[in-house]
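Student: Please find target.tsv (TSV, C-alpha atoms) on the next line:
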chain	number	residue	atom	x	y	z
A	26	MET	CA	-62.01	4.55	-43.20
A	27	GLY	CA	-63.20	7.53	-41.18
A	28	GLU	CA	-62.52	11.22	-41.53
A	29	VAL	CA	-58.80	11.90	-42.04
A	30	ARG	CA	-57.20	14.59	-39.88
A	31	ARG	CA	-53.81	15.90	-40.98
A	32	VAL	CA	-51.19	16.69	-38.39
A	33	GLY	CA	-48.54	19.12	-39.67
A	34	MET	CA	-44.93	19.44	-38.58
A	35	ALA	CA	-44.71	20.65	-34.96
A	36	ASP	CA	-48.45	20.04	-34.63
A	37	LEU	CA	-50.78	17.65	-32.81
A	38	ALA	CA	-54.39	16.45	-33.03
A	39	VAL	CA	-56.79	14.10	-31.29
A	40	GLY	CA	-59.82	12.16	-32.50
A	41	LYS	CA	-62.35	9.48	-31.62
A	42	GLU	CA	-63.38	6.43	-33.66
A	43	PRO	CA	-63.58	6.35	-36.73
A	44	VAL	CA	-61.19	9.31	-37.24
A	45	VAL	CA	-57.81	8.58	-38.85
A	46	LEU	CA	-54.91	10.81	-37.77
A	47	VAL	CA	-52.13	11.23	-40.34
A	48	THR	CA	-48.76	12.92	-40.33
A	49	ILE	CA	-46.53	13.06	-43.41
A	50	GLY	CA	-42.78	13.04	-43.90
A	51	LEU	CA	-41.20	12.36	-40.51
A	52	GLY	CA	-37.41	12.55	-40.86
A	53	SER	CA	-35.59	13.40	-37.64
A	54	CYS	CA	-38.98	14.33	-36.18
A	55	VAL	CA	-40.77	11.73	-34.07
A	56	GLY	CA	-44.43	10.83	-34.46
A	57	VAL	CA	-46.12	9.78	-31.21
A	58	ALA	CA	-49.45	7.95	-31.42
A	59	LEU	CA	-51.33	7.53	-28.12
A	60	TYR	CA	-54.44	5.38	-27.86
A	61	ASP	CA	-57.11	4.44	-25.35
A	62	ASP	CA	-58.45	1.06	-26.41
A	63	GLN	CA	-61.73	1.34	-24.46
A	64	THR	CA	-62.95	4.78	-25.47
A	65	LYS	CA	-61.28	4.52	-28.94
A	66	VAL	CA	-59.71	7.93	-28.48
A	67	GLY	CA	-56.41	8.52	-30.24
A	68	GLY	CA	-53.87	11.33	-30.34
A	69	LEU	CA	-50.98	12.05	-32.69
A	70	ALA	CA	-48.08	14.50	-32.27
A	71	HIS	CA	-45.35	15.41	-34.79
A	72	ILE	CA	-42.45	16.44	-32.54
A	73	MET	CA	-39.42	18.39	-33.84
A	74	LEU	CA	-37.18	18.89	-30.82
A	75	PRO	CA	-36.53	17.18	-27.47
A	76	GLU	CA	-37.16	20.03	-25.06
A	77	ALA	CA	-37.96	23.70	-24.82
A	78	ASN	CA	-34.99	24.30	-22.47
A	79	GLY	CA	-36.61	27.33	-20.91
A	80	LEU	CA	-37.10	29.08	-24.27
A	81	ALA	CA	-40.31	31.05	-24.61
A	82	VAL	CA	-42.62	28.49	-26.18
A	83	THR	CA	-44.92	29.91	-28.84
A	84	ASN	CA	-45.82	26.45	-30.15
A	85	PRO	CA	-45.91	23.73	-27.47
A	86	ALA	CA	-46.42	21.02	-30.14
A	87	LYS	CA	-42.81	21.53	-31.30
A	88	PHE	CA	-41.10	20.06	-28.22
A	89	ALA	CA	-41.46	16.57	-26.69
A	90	ASP	CA	-41.70	17.87	-23.12
A	91	THR	CA	-44.47	20.36	-23.93
A	92	ALA	CA	-46.32	18.49	-26.73
A	93	LEU	CA	-46.93	15.22	-24.88
A	94	PRO	CA	-48.67	16.63	-21.77
A	95	LEU	CA	-50.86	18.74	-24.06
A	96	LEU	CA	-51.71	15.69	-26.19
A	97	VAL	CA	-52.73	13.68	-23.10
A	98	LYS	CA	-54.85	16.61	-21.82
A	99	LYS	CA	-56.69	16.92	-25.15
A	100	MET	CA	-57.34	13.16	-25.18
A	101	GLU	CA	-58.78	13.37	-21.64
A	102	GLU	CA	-61.13	16.10	-22.85
A	103	LEU	CA	-62.40	13.59	-25.44
A	104	GLY	CA	-63.00	11.03	-22.70
A	105	ALA	CA	-59.75	9.04	-22.70
A	106	ASN	CA	-58.38	7.69	-19.42
A	107	PRO	CA	-54.67	8.59	-19.15
A	108	ARG	CA	-53.98	5.40	-17.16
A	109	ARG	CA	-55.14	3.26	-20.09
A	110	LEU	CA	-53.04	4.98	-22.77
A	111	THR	CA	-50.50	3.04	-24.82
A	112	ALA	CA	-47.95	4.55	-27.21
A	113	LYS	CA	-46.58	3.71	-30.65
A	114	ILE	CA	-43.75	5.83	-31.98
A	115	ALA	CA	-42.03	6.22	-35.37
A	116	GLY	CA	-39.44	8.51	-36.99
A	117	GLY	CA	-36.25	9.81	-35.41
A	118	ALA	CA	-34.15	9.08	-38.52
A	119	GLN	CA	-30.82	10.58	-39.46
A	120	MET	CA	-31.41	11.74	-43.05
A	121	PHE	CA	-27.92	13.12	-43.75
A	122	ARG	CA	-24.49	11.74	-42.98
A	123	LEU	CA	-21.88	14.50	-42.98
A	124	ALA	CA	-18.16	13.77	-42.84
A	125	GLN	CA	-17.92	15.83	-39.64
A	126	PRO	CA	-21.11	15.10	-37.76
A	127	THR	CA	-22.27	17.70	-35.28
A	128	GLU	CA	-24.27	17.17	-32.11
A	129	MET	CA	-27.27	18.54	-34.02
A	130	MET	CA	-27.02	15.67	-36.53
A	131	ARG	CA	-28.12	13.31	-33.74
A	132	ILE	CA	-31.40	15.19	-33.37
A	133	GLY	CA	-33.49	12.17	-34.46
A	134	GLU	CA	-31.96	9.98	-31.78
A	135	ARG	CA	-32.32	12.72	-29.16
A	136	ASN	CA	-35.98	13.25	-30.09
A	137	THR	CA	-36.63	9.51	-29.69
A	138	GLU	CA	-34.88	9.45	-26.29
A	139	ALA	CA	-36.81	12.50	-25.07
A	140	VAL	CA	-40.14	10.95	-26.10
A	141	LEU	CA	-39.32	7.59	-24.46
A	142	ASN	CA	-38.18	9.31	-21.26
A	143	TRP	CA	-41.33	11.38	-21.02
A	144	LEU	CA	-43.57	8.38	-21.68
A	145	ARG	CA	-41.73	6.30	-19.05
A	146	ALA	CA	-42.08	9.06	-16.46
A	147	ALA	CA	-45.80	9.40	-17.29
A	148	GLY	CA	-46.29	5.63	-16.96
A	149	ILE	CA	-47.41	5.22	-20.59
A	150	ARG	CA	-46.32	1.87	-22.06
A	151	VAL	CA	-44.65	1.86	-25.50
A	152	VAL	CA	-46.17	-1.09	-27.37
A	153	ALA	CA	-44.50	-0.55	-30.76
A	154	GLN	CA	-41.57	1.45	-32.10
A	155	ASP	CA	-40.16	1.98	-35.61
A	156	THR	CA	-37.37	4.55	-35.23
A	157	GLY	CA	-33.91	5.32	-36.58
A	158	GLY	CA	-32.45	4.53	-40.00
A	159	SER	CA	-31.94	7.15	-42.71
A	160	TRP	CA	-35.34	7.31	-44.38
A	161	GLY	CA	-38.57	9.29	-44.07
A	162	ARG	CA	-41.84	7.92	-42.73
A	163	THR	CA	-45.53	8.80	-43.08
A	164	ILE	CA	-47.79	7.45	-40.32
A	165	GLU	CA	-51.55	6.91	-39.92
A	166	LEU	CA	-53.32	6.12	-36.66
A	167	ASP	CA	-56.70	4.43	-37.11
A	168	THR	CA	-58.70	5.23	-33.96
A	169	SER	CA	-61.15	2.38	-34.70
A	170	THR	CA	-58.43	-0.22	-34.12
A	171	GLY	CA	-55.39	1.57	-32.69
A	172	GLU	CA	-53.33	0.31	-35.62
A	173	LEU	CA	-50.45	2.52	-36.78
A	174	ARG	CA	-49.48	2.25	-40.46
A	175	VAL	CA	-45.91	3.33	-41.26
A	176	LYS	CA	-45.25	4.10	-44.96
A	177	THR	CA	-41.91	4.85	-46.63
A	178	ILE	CA	-40.72	5.53	-50.19
A	179	ALA	CA	-38.08	2.79	-50.41
A	180	HIS	CA	-38.35	0.78	-47.17
A	181	GLY	CA	-41.81	-0.75	-47.48
A	182	GLU	CA	-44.85	-0.42	-45.23
A	183	LYS	CA	-45.41	-1.68	-41.69
A	184	ARG	CA	-48.51	-2.12	-39.55
A	185	LEU	CA	-47.80	-1.65	-35.87
B	29	MET	CA	-34.42	37.76	-34.62
B	30	THR	CA	-36.63	37.84	-37.73
B	31	GLU	CA	-38.62	40.78	-36.38
B	32	GLY	CA	-35.45	42.88	-36.57
B	33	LEU	CA	-35.10	42.47	-40.34
B	34	SER	CA	-36.03	45.49	-42.42
B	35	GLU	CA	-36.63	45.87	-46.13
B	36	PHE	CA	-33.04	47.12	-46.28
B	37	HIS	CA	-31.75	43.81	-44.86
B	38	TYR	CA	-33.67	41.95	-47.56
B	39	ASP	CA	-32.18	44.19	-50.25
B	40	VAL	CA	-28.69	43.41	-48.96
B	41	LEU	CA	-29.43	39.66	-48.86
B	42	ARG	CA	-30.87	39.78	-52.39
B	43	GLU	CA	-27.75	41.59	-53.57
B	44	VAL	CA	-25.52	38.95	-51.94
B	45	GLY	CA	-27.71	36.28	-53.57
B	46	ASN	CA	-27.61	37.83	-57.03
B	47	ILE	CA	-23.84	38.25	-57.05
B	48	GLY	CA	-23.47	34.68	-55.77
B	49	ALA	CA	-25.82	33.44	-58.51
B	50	GLY	CA	-23.79	35.30	-61.13
B	51	ASN	CA	-20.57	33.69	-59.88
B	52	ALA	CA	-22.23	30.26	-59.75
B	53	ALA	CA	-23.56	30.60	-63.31
B	54	THR	CA	-20.04	31.38	-64.55
B	55	ALA	CA	-18.56	28.40	-62.69
B	56	LEU	CA	-21.28	26.00	-63.91
B	57	ALA	CA	-21.04	27.26	-67.50
B	58	GLN	CA	-17.29	26.61	-67.50
B	59	LEU	CA	-17.93	23.10	-66.21
B	60	VAL	CA	-20.58	22.16	-68.80
B	61	GLY	CA	-19.20	24.28	-71.67
B	62	ARG	CA	-22.53	26.02	-72.34
B	63	PRO	CA	-24.12	29.25	-71.18
B	64	ILE	CA	-26.13	28.92	-67.96
B	65	HIS	CA	-28.23	31.72	-66.52
B	66	MET	CA	-29.03	31.98	-62.86
B	67	GLU	CA	-31.21	34.39	-60.98
B	68	VAL	CA	-32.39	34.91	-57.44
B	69	PRO	CA	-36.02	35.93	-57.86
B	70	ASP	CA	-36.55	36.25	-54.13
B	71	VAL	CA	-35.08	36.04	-50.66
B	72	LEU	CA	-37.74	35.59	-48.03
B	73	TRP	CA	-38.64	34.40	-44.55
B	74	VAL	CA	-41.03	31.49	-44.68
B	75	PRO	CA	-42.95	30.05	-41.71
B	76	LEU	CA	-41.59	26.58	-40.87
B	77	ASP	CA	-44.86	24.85	-41.70
B	78	GLU	CA	-45.00	26.35	-45.21
B	79	VAL	CA	-41.52	25.35	-46.29
B	80	ALA	CA	-42.45	21.87	-47.49
B	81	ALA	CA	-45.33	23.36	-49.50
B	82	ARG	CA	-42.78	25.39	-51.49
B	83	LEU	CA	-41.28	22.09	-52.64
B	84	GLY	CA	-44.66	20.61	-53.58
B	85	GLY	CA	-45.90	19.26	-50.25
B	86	PRO	CA	-44.39	17.15	-47.45
B	87	GLU	CA	-44.85	13.84	-49.29
B	88	LYS	CA	-43.25	14.96	-52.57
B	89	PRO	CA	-39.93	13.23	-53.41
B	90	VAL	CA	-37.09	15.75	-53.28
B	91	ALA	CA	-33.31	15.78	-53.41
B	92	GLY	CA	-31.53	17.69	-50.66
B	93	ILE	CA	-27.84	18.54	-50.35
B	94	LEU	CA	-26.67	19.55	-46.90
B	95	LEU	CA	-23.44	21.39	-46.13
B	96	GLY	CA	-21.99	22.73	-42.95
B	97	VAL	CA	-20.48	26.20	-43.04
B	98	GLU	CA	-17.45	26.97	-40.91
B	99	GLY	CA	-15.91	30.34	-40.13
B	100	GLU	CA	-16.72	33.20	-37.81
B	101	ALA	CA	-20.47	32.78	-38.30
B	102	PRO	CA	-21.18	29.02	-38.48
B	103	ALA	CA	-24.29	27.95	-40.37
B	104	THR	CA	-25.94	25.08	-42.21
B	105	ILE	CA	-27.05	25.25	-45.83
B	106	LEU	CA	-29.58	22.98	-47.51
B	107	PHE	CA	-30.05	23.10	-51.28
B	108	ALA	CA	-33.29	21.27	-52.11
B	109	LEU	CA	-35.36	20.74	-55.20
B	110	PRO	CA	-38.19	18.43	-56.29
B	111	LEU	CA	-36.77	15.18	-57.69
B	112	SER	CA	-38.19	15.95	-61.16
B	113	GLN	CA	-36.33	19.29	-61.11
B	114	ALA	CA	-33.15	17.53	-59.97
B	115	TYR	CA	-33.42	15.30	-63.07
B	116	THR	CA	-33.71	18.37	-65.31
B	117	LEU	CA	-30.74	20.00	-63.56
B	118	LEU	CA	-28.73	16.83	-64.15
B	119	ASP	CA	-29.71	16.81	-67.85
B	120	ILE	CA	-28.20	20.32	-68.00
B	121	MET	CA	-25.11	19.48	-65.95
B	122	LEU	CA	-24.37	16.21	-67.73
B	123	GLY	CA	-25.09	17.57	-71.23
B	124	ARG	CA	-27.96	15.13	-71.78
B	125	SER	CA	-31.00	15.82	-73.96
B	126	PRO	CA	-34.03	16.97	-71.95
B	127	GLY	CA	-35.88	14.13	-70.19
B	128	THR	CA	-32.94	11.70	-70.19
B	129	THR	CA	-32.17	11.51	-66.46
B	130	SER	CA	-34.71	9.37	-64.61
B	131	ALA	CA	-32.81	7.95	-61.63
B	132	LEU	CA	-30.13	8.98	-59.15
B	133	ASP	CA	-27.38	6.40	-59.49
B	134	GLU	CA	-23.83	6.97	-58.31
B	135	LEU	CA	-22.86	9.22	-61.24
B	136	GLU	CA	-25.97	11.39	-60.86
B	137	GLN	CA	-25.58	11.59	-57.10
B	138	SER	CA	-22.00	12.79	-57.30
B	139	ALA	CA	-22.87	15.26	-60.10
B	140	LEU	CA	-25.68	16.64	-57.95
B	141	GLN	CA	-23.43	16.97	-54.90
B	142	GLU	CA	-20.79	18.68	-57.03
B	143	THR	CA	-23.41	21.11	-58.36
B	144	GLY	CA	-24.51	21.83	-54.79
B	145	ASN	CA	-20.87	22.37	-53.87
B	146	ILE	CA	-20.26	24.86	-56.67
B	147	LEU	CA	-23.48	26.76	-55.97
B	148	THR	CA	-22.85	26.94	-52.25
B	149	GLY	CA	-19.23	27.92	-52.80
B	150	ALA	CA	-20.35	30.75	-55.09
B	151	TYR	CA	-22.90	32.07	-52.59
B	152	LEU	CA	-20.39	31.85	-49.74
B	153	ASN	CA	-17.72	33.65	-51.79
B	154	SER	CA	-20.22	36.41	-52.40
B	155	LEU	CA	-21.04	36.56	-48.69
B	156	ASN	CA	-17.30	36.54	-47.88
B	157	ALA	CA	-16.70	39.44	-50.23
B	158	PHE	CA	-19.37	41.46	-48.39
B	159	THR	CA	-18.59	40.38	-44.83
B	160	ASN	CA	-15.01	39.08	-44.60
B	161	LEU	CA	-16.27	36.42	-42.16
B	162	GLY	CA	-14.31	33.58	-43.81
B	163	PHE	CA	-17.20	31.19	-44.60
B	164	ARG	CA	-15.96	27.75	-45.68
B	165	PRO	CA	-18.25	24.92	-46.80
B	166	THR	CA	-17.75	21.35	-45.54
B	167	VAL	CA	-18.17	18.19	-47.68
B	168	PRO	CA	-21.81	17.88	-48.81
B	169	ALA	CA	-24.22	15.06	-47.91
B	170	LEU	CA	-27.18	14.02	-50.08
B	171	ALA	CA	-30.62	12.71	-49.12
B	172	VAL	CA	-33.44	11.74	-51.46
B	173	ASP	CA	-36.79	11.18	-49.76
B	174	MET	CA	-40.11	12.83	-48.85
B	175	ALA	CA	-39.79	16.63	-48.64
B	176	GLY	CA	-40.96	16.72	-45.02
B	177	ALA	CA	-38.33	14.19	-43.96
B	178	VAL	CA	-35.47	15.83	-45.89
B	179	LEU	CA	-36.34	19.27	-44.53
B	180	ASP	CA	-37.15	18.57	-40.92
B	181	TYR	CA	-33.54	18.28	-39.74
B	182	VAL	CA	-32.83	21.76	-41.06
B	183	LEU	CA	-36.12	23.12	-39.74
B	184	ALA	CA	-35.43	21.59	-36.33
B	185	GLU	CA	-32.03	23.26	-36.19
B	186	PHE	CA	-33.64	26.58	-37.03
B	187	GLY	CA	-36.77	25.88	-35.02
B	188	GLN	CA	-34.91	26.13	-31.73
B	189	VAL	CA	-34.72	29.87	-32.15
B	190	ALA	CA	-37.36	30.90	-34.68
B	191	ASP	CA	-40.56	29.85	-36.41
B	192	GLN	CA	-39.39	31.12	-39.81
B	193	VAL	CA	-36.55	30.15	-42.10
B	194	LEU	CA	-34.50	32.17	-44.59
B	195	LEU	CA	-35.11	30.96	-48.12
B	196	ILE	CA	-33.17	31.96	-51.24
B	197	GLU	CA	-34.98	30.92	-54.42
B	198	THR	CA	-32.66	30.17	-57.31
B	199	GLU	CA	-33.61	29.77	-60.97
B	200	PHE	CA	-31.40	28.05	-63.54
B	201	ARG	CA	-31.92	28.36	-67.28
B	202	ALA	CA	-29.98	26.64	-70.05
B	203	GLU	CA	-31.05	26.00	-73.62
B	204	GLY	CA	-34.76	26.29	-72.96
B	205	GLN	CA	-34.72	24.18	-69.79
B	206	GLU	CA	-35.62	25.80	-66.52
B	207	VAL	CA	-35.11	24.62	-62.96
B	208	THR	CA	-36.01	26.21	-59.65
B	209	GLY	CA	-34.04	25.20	-56.58
B	210	TYR	CA	-34.24	26.42	-53.00
B	211	PHE	CA	-31.41	27.35	-50.66
B	212	PHE	CA	-32.18	27.33	-46.97
B	213	LEU	CA	-29.67	29.24	-44.90
B	214	VAL	CA	-29.67	28.28	-41.26
B	215	PRO	CA	-27.30	30.46	-39.25
B	216	GLU	CA	-26.44	29.36	-35.73
B	217	PRO	CA	-28.24	31.78	-33.41
B	218	PRO	CA	-25.49	34.45	-33.04
B	219	SER	CA	-24.37	34.13	-36.67
B	220	LEU	CA	-27.15	36.08	-38.36
B	221	ASN	CA	-26.40	39.11	-36.22
B	222	ALA	CA	-22.68	38.70	-36.94
B	223	ILE	CA	-23.47	38.58	-40.68
B	224	PHE	CA	-25.56	41.76	-40.56
B	225	ARG	CA	-22.97	43.55	-38.42
B	226	ALA	CA	-20.27	42.62	-40.97
B	227	LEU	CA	-22.57	43.78	-43.79
B	228	GLY	CA	-22.79	47.11	-42.00
B	229	VAL	CA	-26.55	46.85	-41.53
B	230	GLY	CA	-26.62	45.45	-37.97
Output the structure of this file as structure tokens.
Tutor:
Amino acid sequence: MGEVRRVGMADLAVGKEPVVLVTIGLGSCVGVALYDDQTKVGGLAHIMLPEANGLAVTNPAKFADTALPLLVKKMEELGANPRRLTAKIAGGAQMFRLAQPTEMMRIGERNTEAVLNWLRAAGIRVVAQDTGGSWGRTIELDTSTGELRVKTIAHGEKRL
Amino acid sequence: MTEGLSEFHYDVLREVGNIGAGNAATALAQLVGRPIHMEVPDVLWVPLDEVAARLGGPEKPVAGILLGVEGEAPATILFALPLSQAYTLLDIMLGRSPGTTSALDELEQSALQETGNILTGAYLNSLNAFTNLGFRPTVPALAVDMAGAVLDYVLAEFGQVADQVLLIETEFRAEGQEVTGYFFLVPEPPSLNAIFRALGVG
């Protein structure tokens, strides 16, 4: 396994084979792993909110609509071809169930929708998805293979 | 919003916290029939990306209790603590000898939610006494998972308007056992200003 690069909450990173990109503890946040199979360039974003909605953005990695274009741009700088990118996404859970749910409680679902909409508009195919439920996920993108490992505390491990 | 907070605001928040902690200690002591001491060592703004570190890192198992707050200044409150600390708190609350609790079954879950309820109620009563804004807690919900995952909903709610979150540290002591828990107060955007106006420090 190559060098491990940690991606924090509301953060993103890119890397080339054999780098492994990791982000820990996705709840309602959505992890987006993009990959170019030919150049073995990968990118990972840990997205908190669907869109900036015209707010002054101090951290573009926080919002789906500002994080994803930045992620693609950084991957291009490493040699990736945006037309070859595929996406794997995980997270978007609802961790708490309140008796009187608010619109904000659906944030996981809304994050997932925002990511899928952006990817569709950008023509990036989603090849795997592990979203929803009520549990946290830790994900690892291996840029040597494009494989995304999804780990949980009580819901097993998946390889996407 | 956070830039506008002075040392005086923090003093007021600490005072609200300490009175709330005093009320909570009394309520908990009556429930368990033993003295319980509570303190608020600090009230602080923490950058979003450091919050999980306070609980031992984003992968650390934690218990989180989430409550909505209704009234003139709606908010969300999360009471979170590392799972190991939750076990110690339950030993205290359930009158068990230290080290007994090692899982969160139905009994432990409802005891933990009830504790969260009492603590939150005590803090809100204190805030009500200062502000008269009529804060009322809703029924609590519990999540036990990785710290990052339990926290991110609350951080996302706050993260729409700020990159820092208000954190009230709370220490519990009973018969030689000590637990530190963390309250995250997440006011809806206009609510923090309403709170400070009502406190007379707006």
Student: With the cut-off set at 10 Å and counting only C-alpha atoms, tabulate each residue of chain A with an atom at most that distance from an atom of chain B, showing the nearest atom pair and its distance in Å to one decimal, ordered by chain and increasing number, as a Markdown table.
Tutor:
| residue | atom | partner | partner_atom | distance |
| --- | --- | --- | --- | --- |
| A:Gly33 | CA | B:Asp77 | CA | 7.1 |
| A:Met34 | CA | B:Asp77 | CA | 6.2 |
| A:Ala35 | CA | B:Asp77 | CA | 7.9 |
| A:Asp36 | CA | B:Asp77 | CA | 9.3 |
| A:Thr48 | CA | B:Pro86 | CA | 9.4 |
| A:Ile49 | CA | B:Pro86 | CA | 6.1 |
| A:Gly50 | CA | B:Gly176 | CA | 4.3 |
| A:Leu51 | CA | B:Ala177 | CA | 4.8 |
| A:Gly52 | CA | B:Ala177 | CA | 3.6 |
| A:Ser53 | CA | B:Tyr181 | CA | 5.7 |
| A:Cys54 | CA | B:Asp180 | CA | 6.6 |
| A:Ile72 | CA | B:Ala184 | CA | 9.5 |
| A:Met73 | CA | B:Ala184 | CA | 5.7 |
| A:Leu74 | CA | B:Ala184 | CA | 6.4 |
| A:Pro75 | CA | B:Ala184 | CA | 10.0 |
| A:Glu76 | CA | B:Gln188 | CA | 9.3 |
| A:Ala77 | CA | B:Gln188 | CA | 7.9 |
| A:Asn78 | CA | B:Gln188 | CA | 9.4 |
| A:Leu80 | CA | B:Val189 | CA | 8.3 |
| A:Ala81 | CA | B:Val189 | CA | 9.5 |
| A:Val82 | CA | B:Gln188 | CA | 9.8 |
| A:Thr83 | CA | B:Asp191 | CA | 8.7 |
| A:Asn84 | CA | B:Asp191 | CA | 8.9 |
| A:Lys87 | CA | B:Gly187 | CA | 8.3 |
| A:Phe88 | CA | B:Gln188 | CA | 9.4 |
| A:Gly116 | CA | B:Ala177 | CA | 9.1 |
| A:Gly117 | CA | B:Ala177 | CA | 9.8 |
| A:Ala118 | CA | B:Ala177 | CA | 8.6 |
| A:Gln119 | CA | B:Tyr181 | CA | 8.2 |
| A:Met120 | CA | B:Ala171 | CA | 6.2 |
| A:Phe121 | CA | B:Ala169 | CA | 5.9 |
| A:Arg122 | CA | B:Ala169 | CA | 5.9 |
| A:Leu123 | CA | B:Ala169 | CA | 5.5 |
| A:Ala124 | CA | B:Val167 | CA | 6.6 |
| A:Gln125 | CA | B:Thr166 | CA | 8.1 |
| A:Pro126 | CA | B:Gly96 | CA | 9.3 |
| A:Thr127 | CA | B:Gly96 | CA | 9.2 |
| A:Met129 | CA | B:Glu185 | CA | 7.0 |
| A:Met130 | CA | B:Tyr181 | CA | 7.7 |
| A:Arg131 | CA | B:Tyr181 | CA | 9.5 |
| A:Ile132 | CA | B:Tyr181 | CA | 7.4 |
| A:Gly133 | CA | B:Tyr181 | CA | 8.1 |
| A:Ser159 | CA | B:Ala171 | CA | 8.6 |
| A:Trp160 | CA | B:Asp173 | CA | 6.8 |
| A:Gly161 | CA | B:Ala177 | CA | 4.9 |
| A:Arg162 | CA | B:Ala177 | CA | 7.3 |
| A:Thr163 | CA | B:Glu87 | CA | 8.0 |
| A:Thr177 | CA | B:Met174 | CA | 8.5 |
| A:Ile178 | CA | B:Asp173 | CA | 6.9 |
| A:Ala179 | CA | B:Asp173 | CA | 8.5 |
Student: What's around Val47 (chain A) at 6 Å? Count all atoms listed in the file, leave out sequence neighbours fewer than 3 positions away in its own chain, and write the answer as a PDB file with C-alpha atoms, in the coordinates of the input.
Tutor:
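The result, written out as result16.pdb:
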ATOM      1  CA  ARG A  31     -53.810  15.900 -40.980  1.00  0.00           C
ATOM      2  CA  VAL A  32     -51.190  16.690 -38.390  1.00  0.00           C
ATOM      3  CA  ILE A 164     -47.790   7.450 -40.320  1.00  0.00           C
ATOM      4  CA  GLU A 165     -51.550   6.910 -39.920  1.00  0.00           C
TER       5      GLU A 165
END
Student: In Å, with one decimal, what is the gap from CA of Ala53 (chain B) to CA of Gly144 (chain B)?
Tutor: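 For CA of Ala53 (chain B) relative to CA of Gly144 (chain B), the distance reads 12.3 Å.
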Student: To one decimal place, how far is CA of Glu102 (chain A) from CA of Pro43 (chain A) in Å?
Tutor: 17.1 Å
Student: Given the choices B:Glu43, B:Asp119, B:Asp70, B:Glu35, which gets closest to Arg201 (chain B) if the distance is worked out from all atoms listed in the file?
Tutor: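 Going through B:Glu43, B:Asp119, B:Asp70, B:Glu35 one by one, the smallest distance to Arg201 (chain B) is for B:Asp119.
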Student: Name the residues within 8 Å of (-37.6, 2.0, -35.3), counting only C-alpha atoms in the file's coordinates, and put them as a VMD selection string.
Tutor: chain A and resid 114 to 117 154 to 158
Student: Please produce an output containing C-alpha atoms for each residue in the selection, written as a PDB file, keeping the file's coordinate frame.
Tutor:
ATOM      1  CA  ILE A 114     -43.750   5.830 -31.980  1.00  0.00           C
ATOM      2  CA  ALA A 115     -42.030   6.220 -35.370  1.00  0.00           C
ATOM      3  CA  GLY A 116     -39.440   8.510 -36.990  1.00  0.00           C
ATOM      4  CA  GLY A 117     -36.250   9.810 -35.410  1.00  0.00           C
ATOM      5  CA  GLN A 154     -41.570   1.450 -32.100  1.00  0.00           C
ATOM      6  CA  ASP A 155     -40.160   1.980 -35.610  1.00  0.00           C
ATOM      7  CA  THR A 156     -37.370   4.550 -35.230  1.00  0.00           C
ATOM      8  CA  GLY A 157     -33.910   5.320 -36.580  1.00  0.00           C
ATOM      9  CA  GLY A 158     -32.450   4.530 -40.000  1.00  0.00           C
TER      10      GLY A 158
END
Student: Out of B:Gln205, B:Glu98, B:Val229, B:Asp39, which residue has the shortest atom-to-atom distance to Pro126 (chain B) when counting only C-alpha atoms?
Tutor: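 Using only C-alpha atoms, Pro126 (chain B) sits closest to B:Gln205.
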Student: Excluding Ala38 (chain A) and any residue of its chain fewer than 5 positions from it, enumerate the residues within 12 Å of it, using only C-alpha atoms, and give them as an MDAnalysis selection string.
Tutor: chainID A and resid 29:33 44:48 56:59 66:72 86 92:93 95:100 103 166
Student: Given 3 Å on each side, where is the centre and what are the edge lengths in Å to one decimal of the axis-aligned box enclosing the listed atoms of region 158-161 of chain A, as lines of an AutoDock Vina configuration file?
Tutor:
center_x = -35.3
center_y = 6.9
center_z = -42.2
size_x = 12.6
size_y = 10.8
size_z = 10.4
Student: Show me, as a list in words, the residues that have an atom within 9 Å of Pro63 (chain B) when counting only C-alpha atoms, minus same-chain residues fewer than 6 positions from it.
Tutor: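 In the requested format, the answer is Ala53, Thr54, Leu56, Ala57, Arg201, Ala202 and Glu203 of chain B.
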Student: How far is it from CA of Glu42 (chain A) to CA of Thr168 (chain A), in Å with one decimal?
Tutor: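 Calculated distance between CA of Glu42 (chain A) and CA of Thr168 (chain A) is 4.8 Å.
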Student: Rank nothing, just name the residue among B:Ser154, B:Thr128, B:Ala226, B:Ala114 nearest to Leu140 (chain B), using all atoms listed in the file.
Tutor: B:Ala114
Student: Find the spatial neighbours of Leu152 (chain B), counting all atoms listed in the file, within a cut-off of 9 Å - ignore same-chain residues fewer than 6 positions away - and output them as an MDAnalysis selection string.
Tutor: chainID B and resid 48 97 162:165
Student: As number ranges by chain, please: the residues near region 206-220 of chain B (cut-off 9 Å, all atoms listed in the file, same-chain neighbours under 3 positions excluded).
Tutor: B: 29, 82-83, 97, 100-110, 113-114, 116-117, 148, 182-183, 185-186, 188-189, 193-203, 223-225
